[in-house]
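Enquirer: Have a look at the structure that comes next, please.
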Amino acid sequence: MARKIKMIMAKPGLDGHDRGAKLLARIFAEAGMEVVYTGLRQTPEMIVSAAEQEDADVVGLSSLSGVHNYFFPRVVELMKEKGLDDVLLVGGGGGIIPEEDYDSLKKSGMAAIFGPGTPTTEIVSFIENNVRKR
Amino acid sequence: MSIDYAAQILAGSHRAAARLISWLEDEDERAYGLMAGLYPHTGSAYVVGITGSPGAGKSTLTDKLARVIRKNGLKVGIIAVDPSSPFTGGALLGDRVRMNELTQDPDIFIRSMATRGFLGGMAKSTAEVVKVLDALGKDVIIIETVGVGQDEVDIIGIADTTCVVLVPGLGDAIQSMKAGIMEIADVFAVNKADKQGADQLCGEICARLEIDSHIKERDWTAPVNRTIAVEDIGIEELWLSIESHRKYLFDSGRFYTNRRERTSRETLRMIHAELFRVIREQLEKNGRLDAAVEELMNKKRDPYTLMREIVNEWLSISRHKETS
């Protein structure tokens with residue numbers, strides 16, 4: 001049985017804009033990945049527990065309420081605490097995450113931030129090329 | 001590689017269990033040595049199957065049931081199965097959405113699994129994953145099957161108690177008389193019991209059970225529970241029904257005979273799978289399969305004789321080894 005890329009798609013924080021996260025979950029599933037969709041209003045602790053139990057290779061974070069500078073690095077930090085430091089962390093938030101935040105988010109440990117207009121094929125191949133070996 | 005995953009799992013490590021489950025799903029060789037080590041530590045968890053049609057409320061019911069079980073001081077493992085795409089092999093696993101709050105409880109372990117083309121309502125390695133969660137120290141393991149229709153009943157081969165979840169409005173009385181999923185329930189849950197038609201559905205199930213009792217004498221009649229899972233109504237009662245089925249299994253000795261049958265079936269299944277894997281690998285590697293298919297397509301050969309030929313070759317290999 002060929003291994004599949006397992007991904008968690010989560011929305012940290014309180015905003016209810018899940019259309020993008022749901023669309024991406026479908027796109028990753030269509031690309032052959034097994035995508036666990038956690039739904040809205042996730043705390044960083046919930047996301048990290050889910051990643052641990054699911055043995056996720058990738059965690060995708062979507063936030064559209066402007067709290068990414070807190071939530072994304074906090075997820076990274078908790079992942080490290082649990083020793084899950086080989087998990088690929090990617091994030092996005094439509095036009096809500098300003099480009100000037102990208103660098104600091106990446107410095108905090110996010111592998112990539114995808115802004116509005118990014119072709120989905122680009123996100124899929126980024127994941128496929130950077131995901132860990134198990 | 002020096003990490004002792006088996007020891008970690010026995011000590012309760014979620015992370016080690018999660019990794020072993022991935023290896024089982026991938027049929028990775030590394031899994032089997034570990035499973036051999038864990039096997040003596042399995043068998044004490046009680047396995048509950050939750051099955052029913054898509055949208056019946058299985059995930060929500062599982063979420064609420066897990067809370068009741070935790071209130072009773074027991075640790076819970078949850079295996080939630082969702083379908084893989086037959087076209088892309090990918091899957092959207094959405095059962096965790098209903099179980100978000102459980103994620104925070106260190107005595108609950110939830111794993112989503114995709115079917116990866118396996119039929120019957122579960123993934124191929126579900127039975128193995130049950131053993132992992134058992135060794136991890138979970139007292140009750142809930143398996144939530146994919147949304148099933150009429151005939152995906154493999155869950156009874158793994159679960160000690162099978163709970164069939166039905167909702168009003170999906171069919172007339174004839175549906176409740178059919179074979180398949182209606183037969184496998186040890187416990188019924190009529191969910192969304194506040195919806196129109198719930199009384200009628202309960203009546204139809206009871207009528208079926210009543211007729212069943214005339215056709216064949218049984219010492220267990222599945223209780224019919226009304227639940228409204230989203231409002232957390234009827235869940236304690238559902239757990240009591242499951243508990244009383246468990247008590248019945250123990251008192252009647254059925255628990256032991258069921259588990260014995262299961263062990264026998266699983267052993268045969270494992271032998272079957274491994275033999276098939278080995279033979280297939282060889283046929284594919286040496287090109288013989290391709291050549292044979294070509295001949296079959298041209299009707300130069302027939303598959304019946306070919307099958308016997310291949311099987312006899314393998315049988316003679318083992319005989320040869322035995323005598324030498």
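Residue numbering restarts at 1 for every chain of the structure tokens, chains are lettered A, B, ... in their displayed order, and ligands are numbered from 1 as they appear.
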Return the neighbours of chain B among the residues of chain A, cut-off 12 Å, counting only C-alpha atoms, as a ChimeraX atom specification.

Expert: /A:1-11,22-57,79,82-84,134

Enquirer: Set the distance at 12 Å and use only C-alpha atoms: which residues neighbour Met270 of chain B once local chain neighbours fewer than 5 positions away are removed? I'd like the list as a ChimeraX atom specification.

Expert: /B:32,124-125,127-128,263-265,275-277

Enquirer: Using only C-alpha atoms, determine which residues lie at most 12 Å from Leu209 of chain B, disregarding the query and same-chain residues fewer than 5 positions distant; provide the list as a ChimeraX atom specification.

Expert: /B:176-178,182-188,202-204,214-218,220-224

Enquirer: Near Ile123 of chain A, counting only C-alpha atoms, which residues have an atom at most 12 Å away, once you skip same-chain residues fewer than 5 positions from it, shown as a PyMOL selection string?

Expert: chain A and resi 24-25+27-28+31+58+60+89-92+111-118+128-131

Enquirer: Taking only segment 136-210 of chain B into account, list the residues labelled alpha helix (DSSP H) by DSSP (computed from the backbone), as a count of residues only.

Expert: 18

Enquirer: Measure the distance from atom CA of Ser53 of chain B to atom CA of Val164 of chain B in Å and round it to one decimal.

Expert: 9.1 Å

Enquirer: What parts of chain A does DSSP call strand (DSSP E)? I'd like the answer as a PyMOL selection string.

Expert: chain A and resi 6-12+34-42+58-62+88-92+112-114

Enquirer: With a distance cut-off of 9 Å and only C-alpha atoms, select the neighbouring residues of Ser63 of chain A, excluding the residue or stretch itself and same-chain residues fewer than 6 positions from it, and output the selection as a PyMOL selection string.

Expert: chain A and resi 10-15+17-18+21+71-72+91-94+96-97

Enquirer: What does the file look like for those residues with N, CA and C atoms, as a compact mmCIF listing (two decimals), in the first residue's frame?

Expert:
# COMPACT_ATOMS: atom_id res chain seq x y z
N ALA A 10 -6.92 23.19 9.47
CA ALA A 10 -7.54 23.73 10.68
C ALA A 10 -7.70 25.25 10.60
N LYS A 11 -8.70 25.72 11.31
CA LYS A 11 -8.90 27.17 11.42
C LYS A 11 -8.75 27.60 12.87
N PRO A 12 -7.59 28.15 13.22
CA PRO A 12 -7.41 28.63 14.59
C PRO A 12 -8.14 29.96 14.76
N GLY A 13 -8.57 30.23 15.98
CA GLY A 13 -9.17 31.52 16.26
C GLY A 13 -10.67 31.53 16.02
N LEU A 14 -11.24 32.71 16.04
CA LEU A 14 -12.69 32.81 16.14
C LEU A 14 -13.41 33.19 14.85
N ASP A 15 -12.67 33.44 13.77
CA ASP A 15 -13.44 33.87 12.59
C ASP A 15 -14.14 32.69 11.94
N HIS A 17 -14.86 32.31 8.65
CA HIS A 17 -14.72 32.28 7.19
C HIS A 17 -14.02 30.99 6.77
N ASP A 18 -14.82 29.93 6.61
CA ASP A 18 -14.19 28.63 6.36
C ASP A 18 -14.30 28.18 4.91
N ALA A 21 -10.81 27.37 3.57
CA ALA A 21 -10.25 26.16 4.20
C ALA A 21 -10.93 24.90 3.66
N PHE A 71 -1.44 33.18 16.52
CA PHE A 71 -1.80 31.77 16.43
C PHE A 71 -0.77 30.90 15.69
N PHE A 72 -0.28 31.37 14.57
CA PHE A 72 0.61 30.52 13.78
C PHE A 72 1.89 30.19 14.56
N GLY A 91 0.43 28.01 5.90
CA GLY A 91 -0.69 28.84 6.31
C GLY A 91 -1.16 29.75 5.19
N GLY A 92 -2.35 30.28 5.41
CA GLY A 92 -2.89 31.25 4.48
C GLY A 92 -4.02 31.99 5.12
N GLY A 93 -4.47 33.03 4.48
CA GLY A 93 -5.58 33.78 5.06
C GLY A 93 -6.11 34.82 4.09
N GLY A 94 -6.20 34.37 2.82
CA GLY A 94 -6.71 35.30 1.81
C GLY A 94 -5.91 36.58 1.84
N ILE A 96 -6.02 38.77 4.14
CA ILE A 96 -5.98 39.31 5.50
C ILE A 96 -4.56 39.33 6.07
N ILE A 97 -3.73 38.37 5.64
CA ILE A 97 -2.35 38.36 6.13
C ILE A 97 -1.50 39.26 5.24

Enquirer: Between B:Ser213, B:Thr60, B:Ser316, B:Asn225, single out the one closest to Ala189 of chain B, counting only C-alpha atoms.

Expert: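 Among the listed residues, the smallest separation from Ala189 of chain B belongs to B:Asn225.
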
Enquirer: Nearest to Glu152 of chain B: which of B:Gly197, B:Pro86, B:Gly52, B:Gly57 is it, counting only C-alpha atoms?

Expert: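 Of B:Gly197, B:Pro86, B:Gly52, B:Gly57, the one nearest Glu152 of chain B is B:Gly52, counting only C-alpha atoms.
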
Enquirer: For segment 189-249 of chain B against segment 131-145 of chain B, with a cut-off of 12 Å and counting only C-alpha atoms, what is the closest atom pair and its distance in Å to one decimal for every residue that makes the cut, ordered by chain and number, as a Markdown table?

Expert:
| residue | atom | partner | partner_atom | distance |
| --- | --- | --- | --- | --- |
| B:Trp239 | CA | B:Val140 | CA | 11.5 |
| B:Ile242 | CA | B:Val140 | CA | 11.2 |
| B:Glu243 | CA | B:Val140 | CA | 11.1 |
| B:Arg246 | CA | B:Val140 | CA | 11.5 |

Enquirer: Rank nothing, just name the residue among A:Gly95, A:Asp103, A:Gly109, A:Leu88 nearest to Gly66 of chain A, using only C-alpha atoms.

Expert: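 Closest to Gly66 of chain A of all the choices is A:Gly95.
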
Enquirer: So how far away is atom CA of Tyr39 of chain B from atom CA of Thr267 of chain B, in Å?

Expert: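 Going from atom CA of Thr267 of chain B over to atom CA of Tyr39 of chain B covers 12.8 Å.
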
Enquirer: Could you pull the residues within 12 Å of Ala198 of chain B, counting only C-alpha atoms, minus those fewer than 6 positions along the same chain, as an MDAnalysis selection string?

Expert: chainID B and resid 166:172 189:192 204:205 224:228

Enquirer: Based on the selection just made, write all heavy atoms of those residues as a short mmCIF file (atom, residue, chain, number, x, y, z; two decimals), in the first residue's frame.

Expert:
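Final file, selection-v3.cif:
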data_model
loop_
_atom_site.label_atom_id
_atom_site.label_comp_id
_atom_site.auth_asym_id
_atom_site.auth_seq_id
_atom_site.Cartn_x
_atom_site.Cartn_y
_atom_site.Cartn_z
N LEU B 166 -30.16 4.61 13.25
CA LEU B 166 -31.15 4.86 12.21
C LEU B 166 -31.78 6.22 12.44
O LEU B 166 -31.79 6.72 13.57
CB LEU B 166 -32.23 3.77 12.23
CG LEU B 166 -31.76 2.33 11.98
CD1 LEU B 166 -32.87 1.35 12.30
CD2 LEU B 166 -31.28 2.16 10.55
N VAL B 167 -32.27 6.82 11.37
CA VAL B 167 -32.98 8.10 11.51
C VAL B 167 -34.31 8.02 10.78
O VAL B 167 -34.43 7.29 9.80
CB VAL B 167 -32.16 9.28 10.95
CG1 VAL B 167 -31.07 9.69 11.92
CG2 VAL B 167 -31.57 8.96 9.60
N PRO B 168 -35.30 8.77 11.26
CA PRO B 168 -36.59 8.73 10.60
C PRO B 168 -36.53 9.31 9.19
O PRO B 168 -35.67 10.13 8.89
CB PRO B 168 -37.49 9.60 11.49
CG PRO B 168 -36.63 10.23 12.52
CD PRO B 168 -35.29 9.61 12.46
N GLY B 169 -37.43 8.83 8.36
CA GLY B 169 -37.61 9.46 7.05
C GLY B 169 -36.83 8.84 5.91
O GLY B 169 -36.74 9.42 4.84
N LEU B 170 -36.23 7.67 6.14
CA LEU B 170 -35.40 7.12 5.08
C LEU B 170 -36.04 5.93 4.36
O LEU B 170 -35.46 5.40 3.42
CB LEU B 170 -34.03 6.70 5.62
CG LEU B 170 -33.09 7.85 5.98
CD1 LEU B 170 -31.75 7.31 6.44
CD2 LEU B 170 -32.90 8.80 4.81
N GLY B 171 -37.19 5.48 4.80
CA GLY B 171 -37.77 4.34 4.08
C GLY B 171 -39.00 3.84 4.78
O GLY B 171 -39.31 4.24 5.90
N ASP B 172 -39.69 2.92 4.11
CA ASP B 172 -40.91 2.41 4.72
C ASP B 172 -40.62 1.13 5.51
O ASP B 172 -39.47 0.76 5.71
CB ASP B 172 -41.96 2.15 3.64
CG ASP B 172 -41.49 1.09 2.65
OD1 ASP B 172 -40.42 0.48 2.89
OD2 ASP B 172 -42.19 0.87 1.64
N ALA B 189 -30.01 2.61 17.87
CA ALA B 189 -30.22 4.00 18.28
C ALA B 189 -31.06 4.66 17.20
O ALA B 189 -30.65 4.71 16.04
CB ALA B 189 -28.88 4.72 18.44
N VAL B 190 -32.25 5.11 17.58
CA VAL B 190 -33.05 5.92 16.65
C VAL B 190 -32.69 7.37 16.96
O VAL B 190 -33.16 7.95 17.94
CB VAL B 190 -34.55 5.65 16.83
CG1 VAL B 190 -35.37 6.63 15.99
CG2 VAL B 190 -34.88 4.22 16.44
N ASN B 191 -31.81 7.91 16.12
CA ASN B 191 -31.31 9.27 16.37
C ASN B 191 -32.23 10.29 15.70
O ASN B 191 -33.04 9.93 14.87
CB ASN B 191 -29.87 9.38 15.86
CG ASN B 191 -29.17 10.61 16.39
OD1 ASN B 191 -29.41 11.04 17.51
ND2 ASN B 191 -28.30 11.20 15.57
N LYS B 192 -32.05 11.54 16.07
CA LYS B 192 -32.92 12.62 15.60
C LYS B 192 -34.37 12.27 15.94
O LYS B 192 -35.28 12.39 15.12
CB LYS B 192 -32.74 12.86 14.10
CG LYS B 192 -31.27 13.04 13.70
CD LYS B 192 -31.08 13.45 12.27
CE LYS B 192 -29.58 13.44 11.94
NZ LYS B 192 -29.26 13.86 10.58
N GLU B 204 -41.58 0.21 13.75
CA GLU B 204 -41.18 -0.75 12.71
C GLU B 204 -40.03 -1.64 13.17
O GLU B 204 -39.99 -2.83 12.88
CB GLU B 204 -40.79 0.01 11.43
CG GLU B 204 -42.00 0.48 10.64
CD GLU B 204 -41.67 1.59 9.66
OE1 GLU B 204 -40.47 1.90 9.49
OE2 GLU B 204 -42.62 2.16 9.09
N ILE B 205 -39.07 -1.03 13.88
CA ILE B 205 -37.94 -1.83 14.37
C ILE B 205 -38.45 -2.87 15.38
O ILE B 205 -38.09 -4.05 15.32
CB ILE B 205 -36.87 -0.94 15.04
CG1 ILE B 205 -36.32 0.07 14.04
CG2 ILE B 205 -35.72 -1.80 15.57
CD1 ILE B 205 -35.52 1.18 14.70
N VAL B 224 -34.13 -0.81 21.70
CA VAL B 224 -34.27 0.32 20.78
C VAL B 224 -34.22 1.61 21.61
O VAL B 224 -35.08 1.86 22.44
CB VAL B 224 -35.61 0.23 20.01
CG1 VAL B 224 -35.74 1.40 19.02
CG2 VAL B 224 -35.71 -1.10 19.29
N ASN B 225 -33.18 2.40 21.39
CA ASN B 225 -32.99 3.64 22.15
C ASN B 225 -33.31 4.85 21.28
O ASN B 225 -32.89 4.91 20.13
CB ASN B 225 -31.53 3.78 22.62
CG ASN B 225 -31.15 2.71 23.59
OD1 ASN B 225 -31.32 2.84 24.78
ND2 ASN B 225 -30.64 1.58 23.06
N ARG B 226 -34.02 5.79 21.88
CA ARG B 226 -34.23 7.06 21.16
C ARG B 226 -33.16 8.04 21.60
O ARG B 226 -32.94 8.21 22.80
CB ARG B 226 -35.59 7.65 21.54
CG ARG B 226 -36.76 6.87 21.03
CD ARG B 226 -37.96 7.24 21.88
NE ARG B 226 -39.17 6.93 21.17
CZ ARG B 226 -39.78 7.77 20.33
NH1 ARG B 226 -39.31 8.98 20.13
NH2 ARG B 226 -40.85 7.39 19.69
N THR B 227 -32.54 8.67 20.63
CA THR B 227 -31.51 9.66 20.97
C THR B 227 -31.70 10.94 20.15
O THR B 227 -32.22 10.89 19.04
CB THR B 227 -30.08 9.13 20.69
OG1 THR B 227 -30.00 8.74 19.32
CG2 THR B 227 -29.74 7.93 21.56
N ILE B 228 -31.28 12.04 20.74
CA ILE B 228 -31.11 13.29 19.97
C ILE B 228 -29.68 13.72 20.29
O ILE B 228 -29.43 14.42 21.27
CB ILE B 228 -32.12 14.37 20.39
CG1 ILE B 228 -33.55 13.81 20.36
CG2 ILE B 228 -32.01 15.60 19.48
CD1 ILE B 228 -34.60 14.74 20.96
#
